[in-house]
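Down below is the structure, laid out as structure tokens.
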Amino acid sequence: MSVFKSGFVGIFGKPNAGKSTLLNSILNEKLAIVSPKAQTTRNKILGILTEKNYQIVFSDTPGILKSNYKLHDRMLQEIEQAKQGTDVILYVADVKDSVEENKELIKQFKIKAPIILALNKCDKSNNHQIEICKKEYDSLKQIKAILPISAIHKSGIDELKQAIAELLPEMPPYYEEDTITDKPMRFFVSELIREKLFFLLKEELPYHAAVMVRQYEEKENLTKIQADIIVSRETQKGIIIGKGGSMIKEIGQSARLDIEKFIEKKVFLELFVKVRKDWRNNDLYLKEYGY
Ligand SMILES: Nc1nc2c(ncn2[C@@H]2O[C@H](COP(=O)(O)OP(=O)(O)OP(=O)(O)O)[C@@H](O)[C@H]2O)c(=O)[nH]1
Ligand SMILES: [Mg+2]
């Protein structure tokens, strides 16, 4: 009789290492938003992979950062929560990032679970550099395997899944086999809108924004969605609306296409922009916006 293995795997690493891209590649589904800017992910997101002989419950997490706002404290709490009950740590490191810095972060983990190190973005590196990098991480005994991958090109993913499965305990599945996440549809809709802000707005602005879905109504052949984009200053509101409403229109159009792909239904999307002064340091607002 073949055994079934199951377990919880936290995906950790520095901002921009490719954690969310990796989760999406493993699940073959765009669950987590991705952007070229650091600190894109703010919430812990479960992504559940069920195969014939194993189930892996992944948690994507925000990148490890220094806190400047209460919002950052909340992001750090999400990381701490993901550490609880983790059977295996999947640490994602950009192959070009400082090894010393990553090793320091790993040493500060304070949980005993075995670590699999995914050396990401190997498409930007050559074999020689990858080998040198692997050797530099070798001294950390908690690391059980170092696997070069390219999350974006989906290379090395099968080997990675296999290496994780080997470390999992014998256990029946935690979730039904068709469950892929713990978050409701509204969460993913707000995230897809937030992702567009990271691509369309310059510099600091995406970091000042939150998105909250306030109406989600499924009609016969169309889903009606109303969402608020919340910013911390009046001037930011003007930028998000743009000249003659051009920016908000562009955000809405590109978000709508992605939402339609995600929910596989036609969408009518209405966006509103609101100013909530200094919301990133306000407990009540943070709670209201899902942080
Ligand atoms: N070249 C290359 N780029 C990658 C790879 N994986 C991810 N990226 C890019 O790296 C950037 C960051 O990716 P994310 O998946 O958002 O990174 P993250 O670790 O989730 O970042 P935070 O949520 O900010 O902590 C994006 O521009 C990705 O397209 C890869 O394998 N190769
Ligand atoms: Mg992320």
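Convention: chains lettered A, B, ... in structure tokens order; per-chain residue numbering from 1; ligands numbered from 1 as shown.
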Shell around Lys124 of chain A at 12 Å using only C-alpha atoms, local window under 5 positions removed, as a ChimeraX atom specification:
/A:94-97,119,129-130,148-153
Got a sec to check which residues lie within 6 Å of ligand 1, using only C-alpha atoms and all ligand atoms, and send them as number ranges by chain?
A: 15-21, 34-36, 38-41, 62-63, 120-121, 123-124, 150-152
Could you please take those selected residues and save N, CA and C atoms as a CSV table (one decimal), in the first residue's frame?
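result-v6.csv written:
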chain,number,residue,atom,x,y,z
A,15,PRO,N,11.9,40.4,0.0
A,15,PRO,CA,11.0,41.0,-0.9
A,15,PRO,C,11.6,40.8,-2.4
A,16,ASN,N,10.7,40.5,-3.3
A,16,ASN,CA,11.1,40.4,-4.7
A,16,ASN,C,11.9,39.2,-5.1
A,17,ALA,N,12.0,38.2,-4.2
A,17,ALA,CA,12.8,37.0,-4.5
A,17,ALA,C,12.1,36.1,-5.5
A,18,GLY,N,10.7,36.3,-5.6
A,18,GLY,CA,10.0,35.5,-6.6
A,18,GLY,C,9.1,34.4,-5.9
A,19,LYS,N,8.7,34.7,-4.6
A,19,LYS,CA,7.9,33.7,-3.8
A,19,LYS,C,6.5,33.5,-4.4
A,20,SER,N,5.9,34.7,-4.8
A,20,SER,CA,4.5,34.6,-5.3
A,20,SER,C,4.5,33.9,-6.7
A,21,THR,N,5.5,34.3,-7.5
A,21,THR,CA,5.7,33.7,-8.8
A,21,THR,C,5.8,32.2,-8.7
A,34,VAL,N,1.9,39.5,-8.6
A,34,VAL,CA,3.3,39.5,-8.8
A,34,VAL,C,3.6,40.9,-9.4
A,35,SER,N,4.7,41.5,-9.0
A,35,SER,CA,5.1,42.7,-9.6
A,35,SER,C,6.6,42.9,-9.5
A,36,PRO,N,7.2,43.8,-10.4
A,36,PRO,CA,8.7,44.0,-10.3
A,36,PRO,C,9.1,44.8,-9.1
A,38,ALA,N,9.3,45.6,-5.0
A,38,ALA,CA,9.4,44.8,-3.8
A,38,ALA,C,8.2,45.1,-2.9
A,39,GLN,N,7.9,44.2,-2.0
A,39,GLN,CA,6.8,44.3,-1.0
A,39,GLN,C,5.4,44.4,-1.7
A,40,THR,N,5.2,43.5,-2.7
A,40,THR,CA,3.9,43.4,-3.3
A,40,THR,C,2.9,42.6,-2.5
A,41,THR,N,3.3,41.5,-2.0
A,41,THR,CA,2.5,40.7,-1.1
A,41,THR,C,2.3,41.2,0.3
A,62,PRO,N,4.5,37.7,2.8
A,62,PRO,CA,5.2,39.0,2.4
A,62,PRO,C,6.7,38.8,2.6
A,63,GLY,N,7.5,39.5,1.8
A,63,GLY,CA,9.0,39.4,2.0
A,63,GLY,C,9.4,40.0,3.3
A,120,ASN,N,16.4,31.0,-6.9
A,120,ASN,CA,15.5,31.4,-8.0
A,120,ASN,C,16.2,32.4,-9.0
A,121,LYS,N,15.5,32.5,-10.1
A,121,LYS,CA,16.0,33.4,-11.2
A,121,LYS,C,17.3,32.9,-11.9
A,123,ASP,N,17.5,31.6,-14.6
A,123,ASP,CA,17.6,32.0,-16.0
A,123,ASP,C,18.5,33.1,-16.3
A,124,LYS,N,18.8,33.9,-15.2
A,124,LYS,CA,19.6,35.1,-15.3
A,124,LYS,C,21.1,34.8,-15.0
A,150,SER,N,13.8,28.3,-12.0
A,150,SER,CA,13.4,29.6,-12.5
A,150,SER,C,11.9,29.5,-12.4
A,151,ALA,N,11.4,30.3,-11.4
A,151,ALA,CA,9.9,30.3,-11.2
A,151,ALA,C,9.2,30.8,-12.4
A,152,ILE,N,9.7,31.8,-13.0
A,152,ILE,CA,9.0,32.4,-14.1
A,152,ILE,C,8.9,31.4,-15.4
Minimum-distance residue to Glu29 of chain A, chosen among A:Ile180, A:Leu90, A:Leu167, A:Ala118 (using only C-alpha atoms)
A:Ile180
Go ahead and compute the interatomic distance for atom CA of Ile33 of chain A and atom 1 (Mg, counted along the ligand's line) of ligand 2, in Å to one decimal.
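Separating atom CA of Ile33 of chain A from atom 1 (Mg, counted along the ligand's line) of ligand 2 is a distance of 6.6 Å.
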List every residue of segment 67-242 of chain A that DSSP, applied to the backbone, labels as strand (DSSP E), and write the result as a ChimeraX atom specification.
/A:88-94,115-120,143-148,210-218,223-231
Go ahead and dump the residues you just picked, C-alpha atoms, as an mmCIF file, in the first residue's frame.
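Dumped to out_19.cif:
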data_model
loop_
_atom_site.group_PDB
_atom_site.id
_atom_site.type_symbol
_atom_site.label_atom_id
_atom_site.label_comp_id
_atom_site.auth_asym_id
_atom_site.auth_seq_id
_atom_site.Cartn_x
_atom_site.Cartn_y
_atom_site.Cartn_z
ATOM 1 C CA VAL A 88 9.061 22.367 5.821
ATOM 2 C CA ILE A 89 10.441 25.829 5.106
ATOM 3 C CA LEU A 90 10.727 26.726 1.449
ATOM 4 C CA TYR A 91 13.193 29.592 1.413
ATOM 5 C CA VAL A 92 13.349 31.459 -1.875
ATOM 6 C CA ALA A 93 16.552 33.343 -2.641
ATOM 7 C CA ASP A 94 17.342 35.291 -5.775
ATOM 8 C CA ILE A 115 14.723 24.080 4.926
ATOM 9 C CA ILE A 116 14.639 23.634 1.190
ATOM 10 C CA LEU A 117 16.423 26.473 -0.514
ATOM 11 C CA ALA A 118 15.078 27.414 -3.935
ATOM 12 C CA LEU A 119 17.713 29.390 -5.776
ATOM 13 C CA ASN A 120 15.489 31.430 -8.017
ATOM 14 C CA ILE A 143 19.212 23.414 4.725
ATOM 15 C CA LYS A 144 18.395 19.914 3.489
ATOM 16 C CA ALA A 145 18.443 20.609 -0.243
ATOM 17 C CA ILE A 146 19.436 23.448 -2.553
ATOM 18 C CA LEU A 147 17.589 23.474 -5.850
ATOM 19 C CA PRO A 148 18.212 25.885 -8.715
ATOM 20 C CA ALA A 210 -5.204 49.531 -0.499
ATOM 21 C CA VAL A 211 -8.158 48.047 -2.359
ATOM 22 C CA MET A 212 -11.429 46.982 -0.843
ATOM 23 C CA VAL A 213 -14.257 45.270 -2.703
ATOM 24 C CA ARG A 214 -17.514 46.613 -1.402
ATOM 25 C CA GLN A 215 -19.993 44.986 -3.740
ATOM 26 C CA TYR A 216 -19.737 41.587 -5.407
ATOM 27 C CA GLU A 217 -22.955 40.578 -7.042
ATOM 28 C CA GLU A 218 -23.267 37.551 -9.302
ATOM 29 C CA THR A 223 -20.627 39.724 -12.115
ATOM 30 C CA LYS A 224 -21.019 43.268 -10.824
ATOM 31 C CA ILE A 225 -18.139 44.490 -8.739
ATOM 32 C CA GLN A 226 -17.599 47.800 -6.963
ATOM 33 C CA ALA A 227 -14.287 48.451 -5.300
ATOM 34 C CA ASP A 228 -12.623 51.311 -3.462
ATOM 35 C CA ILE A 229 -8.996 52.258 -3.976
ATOM 36 C CA ILE A 230 -7.865 53.828 -0.738
ATOM 37 C CA VAL A 231 -4.918 56.231 -0.600
#
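Using only C-alpha atoms and all ligand atoms, the nearest neighbour of ligand 2 within the list A:Glu177, A:Glu191, A:Glu100, A:Glu234 is A:Glu191.
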Among the residues A:Lys110, A:Lys134, A:Arg42, A:Lys249, the one that comes closest to Asp60 of chain A [using only C-alpha atoms]:
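Ranked by minimum distance to Asp60 of chain A, first place goes to A:Arg42.
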Would you pick out the contacts of Lys183 of chain A at 8 Å or less, using only C-alpha atoms, so that residues sharing its chain but fewer than 4 positions from it are not included, and give the list as JSON, numbers by chain?
{"A": [45, 46, 187, 188]}
Restricting it to N, CA and C atoms, dump the selection as a PDB file, in the first residue's frame.
ATOM      1  N   ILE A  45      -1.127  33.827   2.012  1.00  0.00           N
ATOM      2  CA  ILE A  45      -2.120  33.205   1.126  1.00  0.00           C
ATOM      3  C   ILE A  45      -1.848  31.706   1.039  1.00  0.00           C
ATOM      4  N   LEU A  46      -2.845  30.906   1.337  1.00  0.00           N
ATOM      5  CA  LEU A  46      -2.662  29.461   1.198  1.00  0.00           C
ATOM      6  C   LEU A  46      -2.846  29.051  -0.255  1.00  0.00           C
ATOM      7  N   PHE A 187     -11.204  38.642  -2.043  1.00  0.00           N
ATOM      8  CA  PHE A 187      -9.788  38.914  -1.782  1.00  0.00           C
ATOM      9  C   PHE A 187      -9.008  38.930  -3.092  1.00  0.00           C
ATOM     10  N   PHE A 188      -9.227  37.917  -3.928  1.00  0.00           N
ATOM     11  CA  PHE A 188      -8.456  37.840  -5.172  1.00  0.00           C
ATOM     12  C   PHE A 188      -8.799  38.987  -6.119  1.00  0.00           C
TER      13      PHE A 188
END
